[in-house]
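Engineer: Got a structure for you, questions after.
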Amino acid sequence: MEDIIISVAQRTLIAGTPLLLATIGEVICERSGILNLGVEGVMAIGAVTAFIITFTTGNPWLGMIAAIVASALISIIHAFVSITLQASQVVSGLALTMLGLGISGLVGKPYIGKPLAEKMATWPIPVLSDIPIVGVIFFDHSPFFYMAIILALIAWFVLQYTRLGITIRSAGENPRATETQGISVYKIRYWCVIIGGALSGMAGAHLSTSYSKSWIEGMTAGRGWIVIALTIFALWNPMRAMIGAFLFGGIFVMQYLLQPLGISPNLLAMLPYLSTLLVLFIGALYDSRKLNAPAMLAEPYRRGER
Amino acid sequence: MNIKVTERIDILPRHSVLSLGFSLGAGLLAISSIFIIFGVNPLYAIAKIFSGSFGSLYGIKETITKAIPFILIGSGLTLAFRAKFWNIGAESQLLMGAMFGTWVGLNWGPHLPAPVIVPLMFLAGFVGGALWGLIPAILKVKFSINEIITTLMLNYICNEFIKFLIVGPWRGKTKHGFPYTDDLPVSATLSLIPGSRIHYVTLLIALATVITLGIAVYRTRFGYEVRVIGENPDAAKYSGIDFFRTTLIIMIISGGAAGLAGVGEVAGIHHYLSYPESISSGYGFTAIIVAWLAKLNPFNVILSALFFAGILVGGDAIQISLGLPAATVQIFNGTLLFFLIMGDFFLKNRVTLQWREKGN
């Protein structure tokens, strides 16, 4: 029994890691005022890039870096269309998802059914990982997990307590006032979209080189959309994003845990999506008016000429 | 060099046509460069797509067949998108329609003649799609829950539920263990135009939907309310428009139309319920672009539906001849959608380049 609890807790953290990475990215992006619905597609780009590079070089770190670069690059399209051209961010994000899923399907096709020789290795933290129970649960993970936690802390600190964070938030709350401070709102928003994309790409890399070690078309399985919901659930706060991401990690693990009980795997596969609805519903019940949403989220900003 | 952007005050019809033409042209160029990157000759691929879909009688018949769900879903979506209700769930509204329609067909079909059972199936499909569409509508208006996420989550939930049905309680006794329902009785299938797969009853329903919605949007108070809700929700509240009621009606129509398309696919083409991916080849998602290309005008949907049906049919052709995966169509769609919204920028703004000395 103890073994099961330890393994469930550990797998919960693993399954929550890509959700956390991408949610931090989306929080940063939305804080600057840009809604990016392309996460699902960008994550797929990250997953396929990481897989191909790891497969050919044998080095998962190179794979991860390539995934970050590719995802950041493809996110620039969304930045250009929604910031420079002030187009509908909803439509642009949907287009990015289609493009990302399409490209990943095309380039990934030759790699279907070819597993990696080597996954991203786990890094047991010296001393700490020797602690009974707690050590195995928290300190014996792939680097993705530690990076996700550290990045969440950094993002929270920067957004909350630094000048840069105030600038990012003010770009999302009151871009015109930000501009009068001599800061380019466009530049801030571009960088936030790019960073958001990079983090989604890292999440994708986790899926294809650490969580599993193979590429399947559509392996993101709606995680990108769950991330959009988690961003709202987190009230645009990277610390709360941790709670949400690992909660959902647990729900992903629960599917496999409940299968031996004879429940249809198809019904169990609904769990994450049903829980997303439930989480949004509970969130809406208790503080729908005090939602912390950036005031100018998804509103195109036109640099003032008059 | 200096780029100057000013808002265009007078947008003439020829501006719209020009921007549309340029968007499509630039989109095709971008798609070509993607093809080149992946070592596919773009001229060959694009020629193959359009000759596959419009270049032969067989292609044209297939294109019309696939245009049927696009017309139904796309025209329903124009209504939702006009009200800025982002219904991304048409895919599962279609599947719900297919599910409800199949149930009625399987259970009542053996006892009823075609003129009774077919309308009943379409009615059931409409109800199924509408009910599935009402959930996000209620959640949005009453609880301000973002409809993009809810409609998407309902897609995944519906997908799994259909799979549960076909491997479990609905699995056909005559299907030798394959995960399909039994065949619909003959009276519950739609007749086709001879020599094609065009189930004309659904096509007629689709065209009637377009005309009804076209009139509703441009000629009725309801259409006016839909537009006001989308363009200026505050004004809508002050002018006494019932937000809740109008949103519900929009989603009953939008979801219901997708449900009708689902019945058409099952009763007209497949004749049994099977995996979600085989019932719908992403119709609900592509229809988003169908509606957008139509500039949210229900009448234009007929043309843009034929265009995207052509890409789908031609896409099948290049998948076979060039060995490309099905995802290629998504690249096509995503790129075109990007260029369509980019075109809107150049339609709304006048962009001029000014050459100047540096430091000026």
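Identifiers for the structure tokens are assigned positionally: chains receive A, B, ... in sequence, residues are indexed from 1 per chain, and ligands are indexed from 1 in the order shown.
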Please identify every residue of chain A that has at least one atom no more than 7 Å from any atom of chain B, counting only C-alpha atoms, and report them as a list of chain:residue names.
Structural biologist: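 Putting it all together, I get A:Val81, A:Leu85, A:Ala87, A:Ser92, A:Ala95, A:Leu96, A:Met98, A:Leu99, A:Gly102, A:Ile103, A:Gly105, A:Leu106, A:Lys109, A:Trp225, A:Ala229, A:Asn266, A:Leu267, A:Ala269, A:Met270, A:Tyr273, A:Leu277, A:Leu280, A:Ala284.
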Engineer: Please provide the set of residues having any atom within 6 Å of A:Ser142, restricted to only C-alpha atoms, with same-chain residues fewer than 3 positions apart removed, written as a count of residues only.
Structural biologist: 3
Engineer: When you look at B:Ile9 with a cut-off of 12 Å (counting only C-alpha atoms), what residues show up, excluding the ones that are within fewer than 5 positions of it in the same chain? I need them as a ChimeraX atom specification.
Structural biologist: /B:15,347-350
Engineer: Counting only C-alpha atoms, which residue out of B:Ser280, B:Ser196, B:Thr209, B:Ser239 sits closest to B:Thr78?
Structural biologist: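 Looking only at the distances to B:Thr78, the closest residue turns out to be B:Thr209.
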Engineer: Would you please work out which residue, of B:Gly314, B:His199, B:Gly255, B:Pro185, is nearest to B:Ala130 when using only C-alpha atoms?
Structural biologist: B:Gly255
Engineer: When you draw a straight line from atom CA of A:Tyr186 to atom CA of A:Arg240, how long is it in Å?
Structural biologist: 27.4 Å
Engineer: As a PyMOL selection string, please: every residue in stretch 60-229 of chain A that DSSP puts in helix (DSSP H, G or I).
Structural biologist: chain A and resi 60-84+89-111+128-130+134-138+143-161+163-173+175-180+185-211+223-229
Engineer: Extract, using only C-alpha atoms, all DNA, RNA and protein residues at most 8 Å from stretch 26-28 of chain A, discarding same-chain residues fewer than 6 positions from it, and format them as a list in words.
Structural biologist: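 What passes the distance filter is Leu35, Asn36, Val39, Ala155, Cys192, Val193, Ile195, Gly196, Val227, Ile228, Thr231, Trp236, Asn237 and Pro238 of chain A.
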Engineer: Determine, counting only C-alpha atoms, which protein, DNA and RNA residues have an atom within 7 Å of an atom of A:Ile168; residues of the same chain fewer than 2 positions away are not included. Present the result as a VMD selection string.
Structural biologist: chain A and resid 31 to 32 164 to 166 170 to 172 188
Engineer: So, with only C-alpha atoms as the atoms that count, which of B:Leu112, B:Leu190, B:Ala90, B:Ala236 lies closest to B:Gly128?
Structural biologist: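 For B:Gly128, the nearest of the candidates is B:Ala90.
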Engineer: Mind pulling up the distance from atom CA of B:Gly55 to atom CA of B:Ala317?
Structural biologist: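 We find that atom CA of B:Ala317 and atom CA of B:Gly55 lie 11.7 Å from each other.
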Engineer: Give me every strand (DSSP E) residue in stretch 45-145 of chain A, going by DSSP on the backbone, as number ranges by chain.
Structural biologist: A: 123-124, 140-141
Engineer: May I ask which of the residues B:Ala258, B:Ala98, B:Ile250, B:Ile193 is the closest one to B:Thr181, counting only C-alpha atoms?
Structural biologist: B:Ala98
Engineer: Quick one: everything within 8 Å of stretch 58-74 of chain B, counting only C-alpha atoms, minus sequence neighbours fewer than 2 positions away in the same chain. Send it as a PyMOL selection string.
Structural biologist: chain B and resi 51-56+76-78+90+196-199+202-203+206-207+209-210+254+257-258+260-262+264-265+283-284+286-288+290-291+298+301-302+305-306+308-310+312-313
Engineer: How far is it from atom CA of A:Ile77 to atom CA of A:Thr97, in Å with one decimal?
Structural biologist: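 If I compute the distance from atom CA of A:Ile77 to atom CA of A:Thr97, I get 11.5 Å.
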